[in-house]
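For reference, data.cif (mmCIF, C-alpha atoms and all ligand atoms):
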```cif
data_protein
loop_
_atom_site.label_atom_id
_atom_site.label_comp_id
_atom_site.auth_asym_id
_atom_site.auth_seq_id
_atom_site.Cartn_x
_atom_site.Cartn_y
_atom_site.Cartn_z
CA MET A 262 -47.49 11.45 -62.67
CA SER A 263 -46.94 10.83 -58.97
CA GLU A 264 -44.71 13.39 -57.26
CA LEU A 265 -42.01 10.85 -56.38
CA ARG A 266 -42.01 8.74 -59.55
CA ALA A 267 -38.97 8.62 -61.87
CA PRO A 268 -39.59 10.16 -65.30
CA LEU A 269 -39.48 7.80 -68.31
CA VAL A 270 -36.16 7.69 -70.12
CA ALA A 271 -34.42 5.72 -72.89
CA PRO A 272 -30.72 4.86 -73.35
CA GLY A 273 -28.83 7.47 -75.34
CA MET A 274 -30.94 10.36 -74.08
CA ARG A 275 -29.25 13.50 -72.78
CA ILE A 276 -30.80 14.65 -69.53
CA GLY A 277 -30.00 17.74 -67.48
CA LEU A 278 -30.55 17.36 -63.73
CA LEU A 279 -31.45 20.54 -61.86
CA GLY A 280 -31.51 19.74 -58.15
CA GLY A 281 -33.11 22.30 -55.90
CA SER A 282 -35.23 23.22 -52.94
CA PHE A 283 -37.77 24.92 -55.25
CA ASN A 284 -39.26 26.77 -52.29
CA PRO A 285 -40.92 27.98 -54.41
CA ALA A 286 -40.01 27.34 -58.07
CA HIS A 287 -39.80 30.48 -60.16
CA GLU A 288 -39.39 31.76 -63.70
CA ALA A 289 -35.55 31.75 -63.52
CA HIS A 290 -35.61 27.96 -62.95
CA ARG A 291 -37.58 27.68 -66.18
CA GLN A 292 -35.32 30.12 -67.99
CA ILE A 293 -32.07 28.33 -67.05
CA SER A 294 -33.66 25.00 -67.98
CA LEU A 295 -34.61 26.27 -71.43
CA ALA A 296 -31.08 27.69 -71.85
CA ALA A 297 -29.58 24.31 -70.85
CA LEU A 298 -31.90 22.38 -73.20
CA LYS A 299 -30.80 24.52 -76.11
CA ARG A 300 -27.13 25.15 -75.39
CA LEU A 301 -26.32 21.59 -74.27
CA GLY A 302 -28.53 19.87 -76.87
CA LEU A 303 -30.48 18.06 -74.13
CA ASP A 304 -33.59 15.93 -74.65
CA GLN A 305 -35.02 16.78 -71.24
CA VAL A 306 -34.31 18.61 -68.00
CA TRP A 307 -35.46 17.04 -64.74
CA TRP A 308 -36.10 19.25 -61.75
CA LEU A 309 -35.15 17.11 -58.77
CA VAL A 310 -36.99 18.58 -55.81
CA THR A 311 -34.89 17.76 -52.76
CA ALA A 312 -36.37 16.64 -49.44
CA GLY A 313 -33.92 19.10 -47.90
CA ASN A 314 -30.67 20.84 -48.81
CA PRO A 315 -28.22 19.61 -46.13
CA LEU A 316 -26.76 23.14 -45.86
CA LYS A 317 -30.04 25.01 -45.42
CA ASP A 318 -32.58 25.35 -42.63
CA VAL A 319 -35.17 22.77 -43.68
CA SER A 320 -37.61 23.49 -40.86
CA ILE A 321 -39.42 25.98 -43.12
CA LEU A 322 -39.68 23.64 -46.12
CA PRO A 323 -43.14 22.59 -47.31
CA PRO A 324 -43.47 18.86 -48.13
CA VAL A 325 -41.79 17.61 -51.34
CA ALA A 326 -45.14 16.72 -52.97
CA GLU A 327 -46.42 20.26 -52.44
CA ARG A 328 -43.26 21.82 -53.93
CA VAL A 329 -43.34 19.39 -56.89
CA ARG A 330 -46.96 20.29 -57.69
CA ALA A 331 -46.25 24.03 -57.56
CA ALA A 332 -43.05 23.59 -59.62
CA ARG A 333 -44.94 21.68 -62.34
CA ALA A 334 -47.22 24.65 -62.83
CA ILE A 335 -44.18 26.91 -63.30
CA ALA A 336 -42.22 24.48 -65.52
CA ASP A 337 -45.14 24.05 -67.94
CA HIS A 338 -42.99 22.56 -70.71
CA PRO A 339 -43.06 19.09 -72.32
CA ARG A 340 -39.31 18.65 -71.94
CA ILE A 341 -39.07 19.77 -68.30
CA LYS A 342 -40.02 16.97 -65.89
CA VAL A 343 -40.49 17.71 -62.19
CA THR A 344 -40.09 15.01 -59.57
CA GLY A 345 -39.17 14.35 -55.96
CA PHE A 346 -37.51 11.06 -57.03
CA ASP A 347 -34.16 10.62 -55.26
CA GLY A 348 -32.94 7.51 -57.07
CA GLY A 349 -34.22 5.37 -54.21
CA THR A 350 -31.37 6.58 -51.99
CA GLY A 351 -33.33 8.25 -49.19
CA SER A 352 -30.28 10.52 -49.01
CA PRO A 353 -30.22 14.33 -49.22
CA PHE A 354 -26.70 14.28 -50.68
CA THR A 355 -26.11 14.95 -54.37
CA ALA A 356 -23.11 12.60 -54.63
CA ASP A 357 -25.33 9.71 -53.46
CA LEU A 358 -28.16 10.66 -55.79
CA LEU A 359 -25.90 10.94 -58.85
CA ALA A 360 -24.14 7.65 -58.12
CA ALA A 361 -27.58 5.97 -57.96
CA PHE A 362 -28.78 7.63 -61.19
CA VAL A 363 -25.65 6.70 -63.14
CA GLN A 364 -25.96 3.08 -62.02
CA ARG A 365 -29.71 2.79 -62.54
CA TYR A 366 -29.83 4.48 -65.96
CA SER A 367 -26.83 3.02 -67.72
CA GLY A 368 -26.52 4.47 -71.25
CA VAL A 369 -28.26 7.74 -70.35
CA HIS A 370 -26.09 10.87 -70.55
CA PHE A 371 -26.71 13.01 -67.48
CA VAL A 372 -25.45 16.55 -66.91
CA TRP A 373 -25.66 18.15 -63.46
CA LEU A 374 -27.02 21.70 -63.72
CA MET A 375 -26.56 24.36 -61.07
CA GLY A 376 -26.51 28.11 -60.67
CA ALA A 377 -23.20 29.93 -60.19
CA ASP A 378 -24.03 30.47 -56.49
CA ASN A 379 -23.79 26.72 -56.00
CA LEU A 380 -20.47 26.38 -57.85
CA ALA A 381 -19.04 28.94 -55.41
CA THR A 382 -19.96 26.73 -52.42
CA VAL A 383 -19.99 23.21 -53.84
CA HIS A 384 -16.74 22.44 -52.02
CA ARG A 385 -18.83 22.30 -48.83
CA TRP A 386 -21.01 19.48 -50.21
CA LYS A 387 -20.47 15.87 -49.19
CA ALA A 388 -17.87 14.08 -51.38
CA TRP A 389 -17.99 16.98 -53.82
CA PRO A 390 -15.05 15.94 -56.06
CA GLU A 391 -16.96 12.69 -56.73
CA ILE A 392 -19.76 14.76 -58.24
CA PHE A 393 -17.30 16.16 -60.80
CA GLU A 394 -16.06 12.64 -61.51
CA LEU A 395 -19.57 11.18 -61.94
CA VAL A 396 -21.20 13.45 -64.55
CA PRO A 397 -20.39 16.53 -66.66
CA ILE A 398 -21.54 19.77 -65.05
CA ALA A 399 -23.04 22.94 -66.55
CA VAL A 400 -23.09 26.03 -64.34
CA LEU A 401 -25.68 28.67 -65.20
CA ASP A 402 -24.49 32.18 -64.57
CA ARG A 403 -26.36 34.10 -61.87
CA PRO A 404 -26.21 37.82 -61.06
CA GLY A 405 -23.62 38.53 -58.37
CA TYR A 406 -21.99 35.09 -58.44
CA ARG A 407 -19.93 34.90 -61.63
CA LEU A 408 -16.66 36.04 -60.05
CA LYS A 409 -17.19 34.11 -56.80
CA ALA A 410 -17.90 30.95 -58.78
CA ARG A 411 -14.79 31.32 -60.95
CA ALA A 412 -12.64 32.10 -57.90
CA GLY A 413 -14.01 29.18 -55.87
CA LYS A 414 -12.23 26.04 -54.72
CA ALA A 415 -14.04 23.77 -57.18
CA ALA A 416 -13.22 25.93 -60.22
CA HIS A 417 -9.56 25.85 -59.23
CA ARG A 418 -9.38 22.15 -58.45
CA PHE A 419 -11.04 21.21 -61.76
CA ALA A 420 -9.57 24.02 -63.90
CA GLY A 421 -8.07 21.45 -66.25
CA ALA A 422 -11.52 20.00 -67.01
CA TYR A 423 -13.10 23.33 -67.97
CA ILE A 424 -14.79 23.38 -71.39
CA ASP A 425 -15.44 26.66 -73.14
CA GLU A 426 -19.15 27.36 -73.50
CA THR A 427 -18.76 27.48 -77.28
CA ASP A 428 -18.14 23.71 -77.05
CA ALA A 429 -21.05 23.10 -74.63
CA LEU A 430 -23.20 21.31 -77.21
CA GLY A 431 -21.06 18.18 -76.76
CA LEU A 432 -20.77 18.39 -72.97
CA ALA A 433 -23.27 15.61 -72.17
CA LEU A 434 -21.21 13.09 -74.14
CA LEU A 435 -17.86 13.98 -72.56
CA ARG A 436 -16.21 11.73 -70.03
CA PRO A 437 -16.20 13.49 -66.64
CA PRO A 438 -14.68 15.55 -65.20
CA ALA A 439 -15.85 18.17 -67.69
CA TRP A 440 -17.67 21.38 -66.86
CA THR A 441 -18.62 24.72 -68.30
CA ILE A 442 -20.22 28.01 -67.33
CA LEU A 443 -23.09 29.13 -69.57
CA THR A 444 -23.73 32.82 -69.97
CA HIS A 445 -27.36 33.50 -70.78
CA ARG A 446 -30.05 36.11 -70.26
CA LEU A 447 -29.56 36.71 -66.53
CA SER A 448 -32.39 36.86 -64.04
CA GLY A 449 -32.13 38.16 -60.49
CA LEU A 450 -35.13 36.10 -59.35
CA SER A 451 -34.75 33.94 -56.25
CA SER A 452 -37.01 31.87 -54.01
CA THR A 453 -35.78 33.89 -51.04
CA ALA A 454 -37.07 37.14 -52.60
CA LEU A 455 -40.41 35.51 -53.42
CA ARG A 456 -40.80 34.16 -49.87
CA GLU A 457 -39.97 37.59 -48.42
CA ASN A 458 -42.51 39.33 -50.66
CA VAL A 459 -45.20 36.90 -49.59
CA LEU A 460 -44.33 37.48 -45.95
CA GLU A 461 -44.32 41.27 -46.41
CA SER A 462 -47.73 41.25 -48.11
CA ASP A 463 -49.25 38.92 -45.46
N1 LIG B 501 -31.87 33.42 -60.91
C1 LIG B 501 -31.14 32.31 -61.06
N2 LIG B 501 -30.11 32.28 -61.97
C2 LIG B 501 -29.34 31.16 -62.09
N3 LIG B 501 -29.54 30.01 -61.39
C3 LIG B 501 -30.55 29.99 -60.50
C4 LIG B 501 -31.40 31.13 -60.30
N4 LIG B 501 -32.32 30.81 -59.35
C5 LIG B 501 -32.04 29.55 -58.97
N5 LIG B 501 -30.99 29.04 -59.66
C6 LIG B 501 -30.40 27.70 -59.52
O1 LIG B 501 -31.46 26.75 -59.54
C7 LIG B 501 -31.16 25.67 -58.65
C8 LIG B 501 -32.29 25.48 -57.65
O2 LIG B 501 -32.38 26.71 -56.93
P1 LIG B 501 -33.25 26.94 -55.62
O3 LIG B 501 -34.45 26.07 -55.65
O4 LIG B 501 -32.39 26.92 -54.42
O5 LIG B 501 -33.74 28.45 -55.87
P2 LIG B 501 -33.11 29.75 -55.24
O6 LIG B 501 -33.83 30.88 -55.87
O7 LIG B 501 -31.63 29.72 -55.35
O8 LIG B 501 -33.57 29.56 -53.73
P3 LIG B 501 -33.15 30.34 -52.39
O9 LIG B 501 -33.31 31.81 -52.65
O10 LIG B 501 -34.13 29.80 -51.39
O11 LIG B 501 -31.72 29.94 -52.08
C9 LIG B 501 -29.82 26.01 -57.98
O12 LIG B 501 -28.78 25.36 -58.68
C10 LIG B 501 -29.73 27.52 -58.16
O13 LIG B 501 -28.38 27.95 -58.21
O1 LIG B 502 -24.76 16.96 -51.29
C1 LIG B 502 -24.62 17.96 -50.58
O2 LIG B 502 -23.85 17.99 -49.59
C2 LIG B 502 -25.42 19.20 -50.92
C3 LIG B 502 -25.26 20.39 -50.21
C4 LIG B 502 -26.01 21.49 -50.59
C5 LIG B 502 -26.90 21.43 -51.66
N1 LIG B 502 -27.02 20.25 -52.32
C6 LIG B 502 -27.97 20.14 -53.45
O3 LIG B 502 -27.82 21.23 -54.32
C7 LIG B 502 -29.04 21.46 -55.00
C8 LIG B 502 -29.39 22.92 -54.93
O4 LIG B 502 -29.89 23.22 -53.66
P1 LIG B 502 -30.66 24.58 -53.42
O5 LIG B 502 -31.21 24.50 -52.02
O6 LIG B 502 -29.64 25.66 -53.60
O7 LIG B 502 -31.73 24.63 -54.42
C9 LIG B 502 -30.07 20.55 -54.35
O8 LIG B 502 -30.21 19.40 -55.17
C10 LIG B 502 -29.41 20.20 -53.04
O9 LIG B 502 -29.82 18.96 -52.51
C11 LIG B 502 -26.31 19.16 -51.98
#
```
Could you render the structure as structure tokens?
Ligand SMILES: Nc1ncnc2c1ncn2[C@@H]1O[C@H](COP(=O)(O)OP(=O)(O)OP(=O)(O)O)[C@@H](O)[C@H]1O
Ligand SMILES: O=C(O)c1ccc[n+]([C@@H]2O[C@H](COP(=O)([O-])O)[C@@H](O)[C@H]2O)c1
Amino acid sequence: MSELRAPLVAPGMRIGLLGGSFNPAHEAHRQISLAALKRLGLDQVWWLVTAGNPLKDVSILPPVAERVRAARAIADHPRIKVTGFDGGTGSPFTADLLAAFVQRYSGVHFVWLMGADNLATVHRWKAWPEIFELVPIAVLDRPGYRLKARAGKAAHRFAGAYIDETDALGLALLRPPAWTILTHRLSGLSSTALRENVLESD
């Protein structure tokens, strides 16, 4: 499949969307995707490789196609699809991407997936409350971020829409806003650490 093509999908499917820089992809991305597939009863998880996180230095980012190819080798699972497809928006902003996906794939049940580090800072993203209003959200716990995520602006603003993880199996079918935090086998892996190791061993 081409690096920028949309994966195939049918109405009624439950799809988790894991947006990321994937610079590079690593085993924790796979692990949280498998946890989401199981705990949320998803049919697939799509890794959406971003052209550039608007809050990060993108000057060091390899091209999307290169990151997609490397991520596919890590994902290595029939229900994890990796693509640089951005919904045809040409935008780096998640709110734009999700609005396009929801419109384009009517009848598909999307869930936005992100690590707890991103819940802690999501209030700095463009039009962030719209993201909570567009699709249900599952936050995957990450070492060092659980408390920061729970104490963050987004968790407070949408406290009334919080779903206990014991009810997460139905999350994809809930009308947003609805979100949960999934505890799972934690991994301290990060792309930053991998990049630094490569640099150190150069
Ligand atoms: N170890 C992890 N545990 C939980 N979530 C993770 C973990 N690693 C990455 N994620 C989540 O996966 C998504 C994509 O992450 P990303 O590609 O930025 O990797 P990263 O390791 O966080 O990268 P970097 O170190 O460059 O910030 C984000 O939502 C991030 O929170
Ligand atoms: O929309 C925004 O303003 C925004 C700001 C920061 C990050 N994001 C998205 O969050 C996802 C995770 O990014 P990253 O770099 O932590 O992997 C990825 O899809 C980014 O495009 C989106």
Self-check item: Distance filter 9 Å around ligand LIG 502 (chain B), atoms: all atoms listed in the file, out as a PyMOL selection string
Solution: chain A and resi 278-284+308-317+352-358+374-376+378-379+382-389+392+452
Draw an axis-aligned box over all listed atoms of ligand LIG 501 (chain B), pad each side with 3 Å, and write its centre and edge lengths in Å, one decimal, as JSON.
```
{"center_x": -31.4, "center_y": 29.4, "center_z": -56.7, "size_x": 12.1, "size_y": 14.1, "size_z": 16.7}
```
Exercise. Using all atoms listed in the file, find the one residue out of A:Ala297, A:Ala334, A:Ala360, A:Val306 that sits nearest to Val396 (chain A).
Key: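 Result for the nearest residue to Val396 (chain A): A:Ala360.
Rounded to one decimal, CA of Gly345 (chain A) and CA of Gly449 (chain A) lie 25.2 Å from each other.
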Quiz prompt | Best match for closeness to ligand LIG 501 (chain B) among A:Tyr366, A:Trp440, A:Phe393, A:Trp373, counting only C-alpha atoms and all ligand atoms | solution =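 So, comparing all the options, the nearest one is A:Trp373.
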Quiz item: What does the distance between atom C6 of ligand LIG 501 (chain B) and CA of Arg328 (chain A) come to in Å, to one decimal place?
Solution: 15.2 Å
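When CA of Ala422 (chain A) is paired with CA of Gln305 (chain A), their separation reads 24.1 Å.
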Quiz prompt | From A:Ile424, A:Ile335, A:Ala286, A:Leu432, residue lying nearest ligand LIG 501 (chain B) [all atoms listed in the file] | solution =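 Of the candidates, the smallest distance to ligand LIG 501 (chain B) is held by A:Ala286.
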Quiz item: Within 12 Å of Glu426 (chain A), counting only C-alpha atoms, which residues qualify if same-chain residues fewer than 6 places away don't, as a list in words?
Solution: Ala297, Arg300, Leu301, Ile398, Ala399, Val400, Leu401, Asp402, Leu432, Ala439, Trp440, Thr441, Ile442, Leu443, Thr444 and His445 of chain A
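Proximity ranking of A:Arg446, A:Arg456, A:His417, A:Arg403 relative to ligand LIG 501 (chain B) places A:Arg403 first, based on all atoms listed in the file.
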Quiz prompt | Residue with smallest distance to ligand LIG 501 (chain B) - pool A:Glu327, A:Asp337, A:Asp428, A:Glu457, counting all atoms listed in the file | solution = A:Glu457
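Using all atoms listed in the file, the nearest neighbour of ligand LIG 501 (chain B) within the list A:Arg266, A:Arg275, A:Lys409, A:Arg291 is A:Arg291.
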Practice problem: Considering only C-alpha atoms, return as a PyMOL selection string whatever protein or nucleic-acid residues lie within 9 Å of Arg330 (chain A), sequence-local ones (same chain, fewer than 3 positions apart) excluded. | Solution: chain A and resi 264+325-327+333-334+343-344
